[in-house]
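Student: I am sharing protein.pdb, which consists of PDB, N, CA and C atoms:
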```pdb
ATOM      1  N   MET A1412      18.263 -24.258 -18.248
ATOM      2  CA  MET A1412      17.758 -22.992 -18.729
ATOM      3  C   MET A1412      18.815 -22.346 -19.612
ATOM      4  N   ALA A1413      18.375 -21.728 -20.674
ATOM      5  CA  ALA A1413      19.299 -21.083 -21.597
ATOM      6  C   ALA A1413      19.925 -19.852 -20.954
ATOM      7  N   THR A1414      21.093 -19.501 -21.443
ATOM      8  CA  THR A1414      21.784 -18.333 -20.919
ATOM      9  C   THR A1414      21.054 -17.069 -21.357
ATOM     10  N   LEU A1415      20.834 -16.190 -20.412
ATOM     11  CA  LEU A1415      20.165 -14.929 -20.709
ATOM     12  C   LEU A1415      21.176 -13.915 -21.202
ATOM     13  N   SER A1416      20.714 -13.014 -22.054
ATOM     14  CA  SER A1416      21.601 -11.966 -22.521
ATOM     15  C   SER A1416      21.803 -10.938 -21.406
ATOM     16  N   SER A1417      22.689  -9.994 -21.630
ATOM     17  CA  SER A1417      23.012  -9.025 -20.587
ATOM     18  C   SER A1417      21.806  -8.156 -20.251
ATOM     19  N   PRO A1418      21.733  -7.682 -19.002
ATOM     20  CA  PRO A1418      20.609  -6.822 -18.620
ATOM     21  C   PRO A1418      20.512  -5.543 -19.457
ATOM     22  N   LEU A1419      21.639  -4.990 -19.846
ATOM     23  CA  LEU A1419      21.610  -3.775 -20.663
ATOM     24  C   LEU A1419      20.965  -4.049 -22.017
ATOM     25  N   ARG A1420      21.285  -5.195 -22.603
ATOM     26  CA  ARG A1420      20.709  -5.553 -23.896
ATOM     27  C   ARG A1420      19.195  -5.762 -23.781
ATOM     28  N   VAL A1421      18.763  -6.390 -22.687
ATOM     29  CA  VAL A1421      17.331  -6.609 -22.475
ATOM     30  C   VAL A1421      16.620  -5.272 -22.265
ATOM     31  N   CYS A1422      17.224  -4.389 -21.483
ATOM     32  CA  CYS A1422      16.632  -3.072 -21.239
ATOM     33  C   CYS A1422      16.497  -2.298 -22.545
ATOM     34  N   ARG A1423      17.524  -2.304 -23.360
ATOM     35  CA  ARG A1423      17.462  -1.617 -24.648
ATOM     36  C   ARG A1423      16.410  -2.237 -25.557
ATOM     37  N   GLY A1424      16.283  -3.564 -25.507
ATOM     38  CA  GLY A1424      15.270  -4.233 -26.319
ATOM     39  C   GLY A1424      13.863  -3.841 -25.903
ATOM     40  N   ILE A1425      13.616  -3.785 -24.590
ATOM     41  CA  ILE A1425      12.297  -3.376 -24.111
ATOM     42  C   ILE A1425      12.005  -1.942 -24.523
ATOM     43  N   LEU A1426      12.982  -1.062 -24.391
ATOM     44  CA  LEU A1426      12.779   0.337 -24.787
ATOM     45  C   LEU A1426      12.563   0.461 -26.297
ATOM     46  N   ARG A1427      13.216  -0.385 -27.084
ATOM     47  CA  ARG A1427      13.012  -0.386 -28.537
ATOM     48  C   ARG A1427      11.573  -0.798 -28.869
ATOM     49  N   GLU A1428      11.067  -1.804 -28.159
ATOM     50  CA  GLU A1428       9.688  -2.236 -28.385
ATOM     51  C   GLU A1428       8.695  -1.149 -27.963
ATOM     52  N   LEU A1429       8.983  -0.466 -26.853
ATOM     53  CA  LEU A1429       8.113   0.640 -26.432
ATOM     54  C   LEU A1429       8.097   1.752 -27.472
ATOM     55  N   ARG A1430       9.264   2.022 -28.051
ATOM     56  CA  ARG A1430       9.349   3.054 -29.084
ATOM     57  C   ARG A1430       8.542   2.636 -30.313
ATOM     58  N   ALA A1431       8.570   1.347 -30.658
ATOM     59  CA  ALA A1431       7.812   0.865 -31.815
ATOM     60  C   ALA A1431       6.308   0.967 -31.564
ATOM     61  N   ILE A1432       5.887   0.763 -30.312
ATOM     62  CA  ILE A1432       4.460   0.807 -29.982
ATOM     63  C   ILE A1432       3.965   2.247 -29.866
ATOM     64  N   GLN A1433       4.710   3.085 -29.143
ATOM     65  CA  GLN A1433       4.209   4.411 -28.783
ATOM     66  C   GLN A1433       4.715   5.542 -29.666
ATOM     67  N   GLY A1434       5.698   5.305 -30.475
ATOM     68  CA  GLY A1434       6.209   6.355 -31.348
ATOM     69  C   GLY A1434       7.279   7.190 -30.662
ATOM     70  N   PRO A1435       7.568   8.360 -31.214
ATOM     71  CA  PRO A1435       8.684   9.167 -30.719
ATOM     72  C   PRO A1435       8.493   9.729 -29.308
ATOM     73  N   SER A1436       7.282   9.778 -28.815
ATOM     74  CA  SER A1436       7.067  10.343 -27.474
ATOM     75  C   SER A1436       7.091   9.271 -26.385
ATOM     76  N   TYR A1437       7.768   8.147 -26.640
ATOM     77  CA  TYR A1437       7.782   7.052 -25.672
ATOM     78  C   TYR A1437       8.520   7.407 -24.387
ATOM     79  N   LYS A1438       9.440   8.370 -24.420
ATOM     80  CA  LYS A1438      10.197   8.730 -23.217
ATOM     81  C   LYS A1438       9.349   9.445 -22.175
ATOM     82  N   LYS A1439       8.176   9.922 -22.584
ATOM     83  CA  LYS A1439       7.292  10.613 -21.650
ATOM     84  C   LYS A1439       6.261   9.672 -21.030
ATOM     85  N   SER A1440       6.299   8.394 -21.398
ATOM     86  CA  SER A1440       5.272   7.465 -20.925
ATOM     87  C   SER A1440       5.636   6.907 -19.547
ATOM     88  N   LEU A1441       4.623   6.426 -18.859
ATOM     89  CA  LEU A1441       4.827   5.802 -17.550
ATOM     90  C   LEU A1441       5.576   4.482 -17.677
ATOM     91  N   ALA A1442       5.345   3.754 -18.772
ATOM     92  CA  ALA A1442       6.020   2.470 -18.970
ATOM     93  C   ALA A1442       7.531   2.673 -19.083
ATOM     94  N   TYR A1443       7.953   3.718 -19.780
ATOM     95  CA  TYR A1443       9.377   4.013 -19.936
ATOM     96  C   TYR A1443      10.017   4.276 -18.568
ATOM     97  N   ASN A1444       9.373   5.123 -17.771
ATOM     98  CA  ASN A1444       9.913   5.431 -16.448
ATOM     99  C   ASN A1444       9.938   4.201 -15.549
ATOM    100  N   TYR A1445       8.902   3.382 -15.619
ATOM    101  CA  TYR A1445       8.841   2.185 -14.791
ATOM    102  C   TYR A1445       9.953   1.197 -15.152
ATOM    103  N   VAL A1446      10.166   0.979 -16.450
ATOM    104  CA  VAL A1446      11.211   0.045 -16.885
ATOM    105  C   VAL A1446      12.578   0.522 -16.422
ATOM    106  N   LEU A1447      12.882   1.803 -16.598
ATOM    107  CA  LEU A1447      14.186   2.313 -16.171
ATOM    108  C   LEU A1447      14.347   2.237 -14.655
ATOM    109  N   ASP A1448      13.292   2.548 -13.907
ATOM    110  CA  ASP A1448      13.377   2.457 -12.447
ATOM    111  C   ASP A1448      13.635   1.028 -11.990
ATOM    112  N   GLN A1449      12.973   0.064 -12.611
ATOM    113  CA  GLN A1449      13.164  -1.333 -12.225
ATOM    114  C   GLN A1449      14.574  -1.816 -12.556
ATOM    115  N   PHE A1450      15.103  -1.415 -13.697
ATOM    116  CA  PHE A1450      16.458  -1.831 -14.038
ATOM    117  C   PHE A1450      17.485  -1.164 -13.123
ATOM    118  N   ARG A1451      17.253   0.078 -12.756
ATOM    119  CA  ARG A1451      18.178   0.744 -11.829
ATOM    120  C   ARG A1451      18.102   0.127 -10.438
ATOM    121  N   LYS A1452      16.919  -0.257 -10.017
ATOM    122  CA  LYS A1452      16.739  -0.839  -8.687
ATOM    123  C   LYS A1452      17.379  -2.225  -8.586
ATOM    124  N   ASN A1453      17.407  -2.978  -9.672
ATOM    125  CA  ASN A1453      17.903  -4.352  -9.646
ATOM    126  C   ASN A1453      19.266  -4.529 -10.293
ATOM    127  N   LYS A1454      20.025  -3.444 -10.442
ATOM    128  CA  LYS A1454      21.333  -3.627 -11.068
ATOM    129  C   LYS A1454      22.304  -4.297 -10.091
ATOM    130  N   VAL A1455      23.267  -4.976 -10.654
ATOM    131  CA  VAL A1455      24.212  -5.768  -9.863
ATOM    132  C   VAL A1455      25.283  -4.859  -9.275
ATOM    133  N   THR A1456      25.598  -5.094  -8.019
ATOM    134  CA  THR A1456      26.720  -4.397  -7.393
ATOM    135  C   THR A1456      27.772  -5.432  -7.021
ATOM    136  N   GLY A1457      28.948  -4.989  -6.626
ATOM    137  CA  GLY A1457      30.019  -5.899  -6.275
ATOM    138  C   GLY A1457      29.817  -6.587  -4.941
ATOM    139  N   GLU A1458      29.001  -6.038  -4.056
ATOM    140  CA  GLU A1458      28.859  -6.591  -2.718
ATOM    141  C   GLU A1458      27.840  -7.711  -2.614
ATOM    142  N   ARG A1459      26.962  -7.868  -3.578
ATOM    143  CA  ARG A1459      25.904  -8.852  -3.391
ATOM    144  C   ARG A1459      25.688  -9.680  -4.652
ATOM    145  N   TYR A1460      25.242 -10.881  -4.410
ATOM    146  CA  TYR A1460      24.779 -11.741  -5.476
ATOM    147  C   TYR A1460      23.409 -12.219  -5.035
ATOM    148  N   CYS A1461      22.386 -11.714  -5.654
ATOM    149  CA  CYS A1461      21.035 -11.907  -5.156
ATOM    150  C   CYS A1461      20.210 -12.693  -6.163
ATOM    151  N   ARG A1462      19.491 -13.673  -5.655
ATOM    152  CA  ARG A1462      18.617 -14.460  -6.511
ATOM    153  C   ARG A1462      17.493 -13.587  -7.073
ATOM    154  N   ALA A1463      17.040 -12.616  -6.312
ATOM    155  CA  ALA A1463      15.978 -11.734  -6.790
ATOM    156  C   ALA A1463      16.427 -10.965  -8.030
ATOM    157  N   GLN A1464      17.702 -10.625  -8.077
ATOM    158  CA  GLN A1464      18.219  -9.917  -9.247
ATOM    159  C   GLN A1464      18.143 -10.833 -10.469
ATOM    160  N   GLN A1465      18.481 -12.120 -10.309
ATOM    161  CA  GLN A1465      18.392 -13.068 -11.418
ATOM    162  C   GLN A1465      16.939 -13.257 -11.854
ATOM    163  N   GLU A1466      16.038 -13.318 -10.891
ATOM    164  CA  GLU A1466      14.617 -13.453 -11.223
ATOM    165  C   GLU A1466      14.111 -12.218 -11.956
ATOM    166  N   ALA A1467      14.544 -11.048 -11.537
ATOM    167  CA  ALA A1467      14.132  -9.817 -12.207
ATOM    168  C   ALA A1467      14.657  -9.790 -13.644
ATOM    169  N   HIS A1468      15.886 -10.270 -13.833
ATOM    170  CA  HIS A1468      16.458 -10.309 -15.179
ATOM    171  C   HIS A1468      15.681 -11.298 -16.050
ATOM    172  N   HIS A1469      15.333 -12.436 -15.492
ATOM    173  CA  HIS A1469      14.551 -13.425 -16.244
ATOM    174  C   HIS A1469      13.165 -12.868 -16.590
ATOM    175  N   ASP A1470      12.527 -12.187 -15.641
ATOM    176  CA  ASP A1470      11.215 -11.586 -15.893
ATOM    177  C   ASP A1470      11.298 -10.525 -16.988
ATOM    178  N   SER A1471      12.357  -9.724 -16.969
ATOM    179  CA  SER A1471      12.496  -8.689 -17.990
ATOM    180  C   SER A1471      12.738  -9.316 -19.365
ATOM    181  N   HIS A1472      13.497 -10.399 -19.401
ATOM    182  CA  HIS A1472      13.741 -11.086 -20.668
ATOM    183  C   HIS A1472      12.430 -11.675 -21.206
ATOM    184  N   THR A1473      11.612 -12.219 -20.319
ATOM    185  CA  THR A1473      10.319 -12.767 -20.710
ATOM    186  C   THR A1473       9.399 -11.659 -21.213
ATOM    187  N   TYR A1474       9.429 -10.497 -20.571
ATOM    188  CA  TYR A1474       8.606  -9.364 -20.994
ATOM    189  C   TYR A1474       9.037  -8.872 -22.371
ATOM    190  N   LEU A1475      10.337  -8.844 -22.627
ATOM    191  CA  LEU A1475      10.836  -8.455 -23.943
ATOM    192  C   LEU A1475      10.327  -9.430 -25.002
ATOM    193  N   CYS A1476      10.353 -10.709 -24.699
ATOM    194  CA  CYS A1476       9.853 -11.718 -25.637
ATOM    195  C   CYS A1476       8.363 -11.513 -25.898
ATOM    196  N   LEU A1477       7.607 -11.191 -24.861
ATOM    197  CA  LEU A1477       6.176 -10.937 -25.016
ATOM    198  C   LEU A1477       5.920  -9.738 -25.919
ATOM    199  N   LEU A1478       6.646  -8.641 -25.708
ATOM    200  CA  LEU A1478       6.450  -7.439 -26.523
ATOM    201  C   LEU A1478       6.785  -7.705 -27.994
ATOM    202  N   ALA A1479       7.901  -8.379 -28.240
ATOM    203  CA  ALA A1479       8.303  -8.660 -29.619
ATOM    204  C   ALA A1479       7.317  -9.616 -30.284
ATOM    205  N   SER A1480       6.864 -10.628 -29.561
ATOM    206  CA  SER A1480       5.926 -11.590 -30.133
ATOM    207  C   SER A1480       4.581 -10.940 -30.426
ATOM    208  N   THR A1481       4.142 -10.047 -29.563
ATOM    209  CA  THR A1481       2.881  -9.351 -29.786
ATOM    210  C   THR A1481       2.961  -8.469 -31.023
ATOM    211  N   ARG A1482       4.084  -7.777 -31.174
ATOM    212  CA  ARG A1482       4.254  -6.923 -32.360
ATOM    213  C   ARG A1482       4.266  -7.767 -33.633
ATOM    214  N   ASN A1483       4.975  -8.904 -33.608
ATOM    215  CA  ASN A1483       5.010  -9.781 -34.773
ATOM    216  C   ASN A1483       3.639 -10.382 -35.066
ATOM    217  N   HIS A1484       2.903 -10.735 -34.015
ATOM    218  CA  HIS A1484       1.566 -11.291 -34.196
ATOM    219  C   HIS A1484       0.635 -10.275 -34.865
ATOM    220  N   LEU A1485       0.686  -9.030 -34.419
ATOM    221  CA  LEU A1485      -0.171  -8.005 -35.018
ATOM    222  C   LEU A1485       0.183  -7.759 -36.485
ATOM    223  N   ALA A1486       1.474  -7.801 -36.799
ATOM    224  CA  ALA A1486       1.882  -7.623 -38.195
ATOM    225  C   ALA A1486       1.362  -8.769 -39.059
ATOM    226  N   LEU A1487       1.490 -10.001 -38.572
ATOM    227  CA  LEU A1487       0.983 -11.143 -39.334
ATOM    228  C   LEU A1487      -0.541 -11.132 -39.416
ATOM    229  N   HIS A1488      -1.206 -10.733 -38.349
ATOM    230  CA  HIS A1488      -2.660 -10.672 -38.346
ATOM    231  C   HIS A1488      -3.157  -9.655 -39.369
ATOM    232  N   ASN A1489      -2.521  -8.503 -39.425
ATOM    233  CA  ASN A1489      -2.923  -7.488 -40.402
ATOM    234  C   ASN A1489      -2.646  -7.943 -41.829
ATOM    235  N   LEU A1490      -1.609  -8.748 -42.019
ATOM    236  CA  LEU A1490      -1.253  -9.214 -43.349
ATOM    237  C   LEU A1490      -2.220 -10.284 -43.849
ATOM    238  N   TYR A1491      -2.581 -11.235 -42.981
ATOM    239  CA  TYR A1491      -3.363 -12.385 -43.406
ATOM    240  C   TYR A1491      -4.809 -12.384 -42.917
ATOM    241  N   HIS A1492      -5.243 -11.344 -42.282
ATOM    242  CA  HIS A1492      -6.601 -11.296 -41.753
ATOM    243  C   HIS A1492      -7.621 -11.334 -42.889
ATOM    244  N   GLY A1493      -8.713 -12.048 -42.663
ATOM    245  CA  GLY A1493      -9.761 -12.156 -43.674
ATOM    246  C   GLY A1493     -10.372 -10.808 -43.992
ATOM    247  N   LYS A1494     -10.695 -10.620 -45.231
ATOM    248  CA  LYS A1494     -11.247  -9.335 -45.665
ATOM    249  C   LYS A1494     -12.719  -9.500 -46.049
ATOM    250  N   GLY A1495     -13.464 -10.251 -45.254
ATOM    251  CA  GLY A1495     -14.876 -10.454 -45.519
ATOM    252  C   GLY A1495     -15.099 -11.643 -46.440
ATOM    253  N   GLU A1496     -16.263 -11.694 -47.019
ATOM    254  CA  GLU A1496     -16.634 -12.797 -47.898
ATOM    255  C   GLU A1496     -15.874 -12.690 -49.213
ATOM    256  N   ARG A1497     -15.327 -13.814 -49.655
ATOM    257  CA  ARG A1497     -14.577 -13.841 -50.909
ATOM    258  C   ARG A1497     -15.269 -14.777 -51.890
ATOM    259  N   SER A1498     -15.029 -14.519 -53.138
ATOM    260  CA  SER A1498     -15.605 -15.380 -54.172
ATOM    261  C   SER A1498     -14.836 -16.700 -54.218
ATOM    262  N   PRO A1499     -15.441 -17.765 -54.732
ATOM    263  CA  PRO A1499     -14.730 -19.047 -54.832
ATOM    264  C   PRO A1499     -13.463 -18.961 -55.683
ATOM    265  N   GLU A1500     -13.495 -18.139 -56.729
ATOM    266  CA  GLU A1500     -12.299 -17.991 -57.565
ATOM    267  C   GLU A1500     -11.153 -17.358 -56.778
ATOM    268  N   GLU A1501     -11.484 -16.361 -55.962
ATOM    269  CA  GLU A1501     -10.451 -15.679 -55.170
ATOM    270  C   GLU A1501      -9.885 -16.610 -54.101
ATOM    271  N   VAL A1502     -10.740 -17.401 -53.471
ATOM    272  CA  VAL A1502     -10.287 -18.340 -52.453
ATOM    273  C   VAL A1502      -9.397 -19.410 -53.079
ATOM    274  N   ALA A1503      -9.777 -19.908 -54.240
ATOM    275  CA  ALA A1503      -8.952 -20.900 -54.928
ATOM    276  C   ALA A1503      -7.604 -20.301 -55.313
ATOM    277  N   GLY A1504      -7.604 -19.033 -55.724
ATOM    278  CA  GLY A1504      -6.348 -18.367 -56.076
ATOM    279  C   GLY A1504      -5.431 -18.175 -54.883
ATOM    280  N   LEU A1505      -5.996 -18.013 -53.685
ATOM    281  CA  LEU A1505      -5.165 -17.841 -52.485
ATOM    282  C   LEU A1505      -4.325 -19.065 -52.196
ATOM    283  N   VAL A1506      -4.878 -20.242 -52.484
ATOM    284  CA  VAL A1506      -4.137 -21.475 -52.193
ATOM    285  C   VAL A1506      -3.447 -22.037 -53.429
ATOM    286  N   GLY A1507      -3.490 -21.292 -54.532
ATOM    287  CA  GLY A1507      -2.746 -21.683 -55.725
ATOM    288  C   GLY A1507      -3.492 -22.645 -56.631
ATOM    289  N   LEU A1508      -4.807 -22.624 -56.613
ATOM    290  CA  LEU A1508      -5.600 -23.504 -57.465
ATOM    291  C   LEU A1508      -6.431 -22.689 -58.439
ATOM    292  N   ARG A1509      -6.966 -23.384 -59.468
ATOM    293  CA  ARG A1509      -7.905 -22.779 -60.408
ATOM    294  C   ARG A1509      -9.179 -23.599 -60.367
ATOM    295  N   LEU A1510     -10.299 -22.933 -60.545
ATOM    296  CA  LEU A1510     -11.561 -23.650 -60.635
ATOM    297  C   LEU A1510     -11.682 -24.278 -62.016
ATOM    298  N   PRO A1511     -12.246 -25.468 -62.093
ATOM    299  CA  PRO A1511     -12.383 -26.105 -63.406
ATOM    300  C   PRO A1511     -13.427 -25.385 -64.258
ATOM    301  N   THR A1512     -13.213 -25.433 -65.547
ATOM    302  CA  THR A1512     -14.186 -24.873 -66.485
ATOM    303  C   THR A1512     -14.911 -26.032 -67.157
ATOM    304  N   GLN A1513     -16.119 -25.815 -67.558
ATOM    305  CA  GLN A1513     -16.936 -26.857 -68.177
ATOM    306  C   GLN A1513     -16.640 -26.903 -69.673
ATOM    307  N   PRO A1514     -16.104 -28.011 -70.158
ATOM    308  CA  PRO A1514     -15.826 -28.080 -71.599
ATOM    309  C   PRO A1514     -17.125 -28.132 -72.403
ATOM    310  N   GLY A1515     -17.140 -27.512 -73.522
ATOM    311  CA  GLY A1515     -18.307 -27.529 -74.385
ATOM    312  C   GLY A1515     -19.308 -26.463 -74.053
ATOM    313  N   GLY A1516     -19.175 -25.807 -72.940
ATOM    314  CA  GLY A1516     -20.044 -24.697 -72.582
ATOM    315  C   GLY A1516     -21.447 -25.140 -72.217
ATOM    316  N   LYS A1517     -21.765 -25.167 -70.971
ATOM    317  CA  LYS A1517     -23.088 -25.498 -70.483
ATOM    318  C   LYS A1517     -23.942 -24.261 -70.274
ATOM    319  N   GLY A1518     -23.344 -23.103 -70.446
ATOM    320  CA  GLY A1518     -24.110 -21.873 -70.344
ATOM    321  C   GLY A1518     -24.001 -21.185 -68.997
ATOM    322  N   TRP A1519     -23.408 -21.812 -67.994
ATOM    323  CA  TRP A1519     -23.354 -21.169 -66.691
ATOM    324  C   TRP A1519     -22.011 -20.530 -66.400
ATOM    325  N   GLU A1520     -20.940 -20.859 -67.156
ATOM    326  CA  GLU A1520     -19.649 -20.229 -66.903
ATOM    327  C   GLU A1520     -19.599 -18.882 -67.604
ATOM    328  N   LYS A1521     -18.693 -18.080 -67.157
ATOM    329  CA  LYS A1521     -18.570 -16.716 -67.677
ATOM    330  C   LYS A1521     -17.716 -16.707 -68.928
TER     331      LYS A1521
END
```
Using the file provided, produce a representation of the structure as structure tokens.
Tutor:
Amino acid sequence: MATLSSPLRVCRGILRELRAIQGPSYKKSLAYNYVLDQFRKNKVTGERYCRAQQEAHHDSHTYLCLLASTRNHLALHNLYHGKGERSPEEVAGLVGLRLPTQPGGKGWEK
């Protein structure tokens, strides 16, 4: 398994993603309070080394990856999403092609 980044970095990353989703009022949300409570509850102390703490850190890292991937997916979806029916010329232009023209003029081309 790859080395996980520090819990503080993961916590900040999750809060950054929440801020991107919810805007400036993210500190008043239930998700913000829940994330901070979970990180405070599972922080490392000098007296214990707990497997549950490692699992919680791995789960938080996975959640951060999910939030970032979802945000990137929505950005790509909005960029490349189909905009309804397109003409053949427009579709050919999207992939870098041109439609052939009829030499000599058959009367049907524009």
Student: If the box runs along x, y and z of the file and leaves 4 Å on each side of region 1484-1491 of chain A, what are its centre and edge lengths in Å, one decimal, as JSON?
Tutor:
```
{"center_x": -1.0, "center_y": -9.9, "center_z": -38.9, "size_x": 15.7, "size_y": 12.9, "size_z": 17.8}
```
Student: Any idea what's packed within 8 Å of Glu1428 (chain A), counting all atoms listed in the file, ignoring anything in its chain fewer than 6 positions away? Could you give it as a list in words?
Tutor: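 Returned residues: Cys1422, Gly1434, Leu1475, Leu1478 and Ala1479 of chain A.
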Student: Okay, now the selection with N, CA and C atoms, as a JSON list (two decimals), keeping the file's coordinate frame?
Tutor:
```json
[["chain", "number", "residue", "atom", "x", "y", "z"],
["A", 1422, "CYS", "N", 17.22, -4.39, -21.48],
["A", 1422, "CYS", "CA", 16.63, -3.07, -21.24],
["A", 1422, "CYS", "C", 16.50, -2.30, -22.54],
["A", 1434, "GLY", "N", 5.70, 5.30, -30.48],
["A", 1434, "GLY", "CA", 6.21, 6.36, -31.35],
["A", 1434, "GLY", "C", 7.28, 7.19, -30.66],
["A", 1475, "LEU", "N", 10.34, -8.84, -22.63],
["A", 1475, "LEU", "CA", 10.84, -8.46, -23.94],
["A", 1475, "LEU", "C", 10.33, -9.43, -25.00],
["A", 1478, "LEU", "N", 6.65, -8.64, -25.71],
["A", 1478, "LEU", "CA", 6.45, -7.44, -26.52],
["A", 1478, "LEU", "C", 6.78, -7.70, -27.99],
["A", 1479, "ALA", "N", 7.90, -8.38, -28.24],
["A", 1479, "ALA", "CA", 8.30, -8.66, -29.62],
["A", 1479, "ALA", "C", 7.32, -9.62, -30.28]]
```
Student: Could you state the separation of atom N of Tyr1443 (chain A) and atom C of Ile1425 (chain A) in Å, given to one decimal place?
Tutor: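 Distance reported for this atom pair: 8.4 Å.
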Student: Just list as an MDAnalysis selection string whatever in chain A DSSP marks as alpha helix (DSSP H).
Tutor: chainID A and resid 1418:1433 1441:1452 1462:1491 1499:1505
Student: Atom N of His1468 (chain A) and CA of Pro1418 (chain A), how far apart in Å?
Tutor: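 Pair CA of Pro1418 (chain A) / atom N of His1468 (chain A) returns 7.6 Å.
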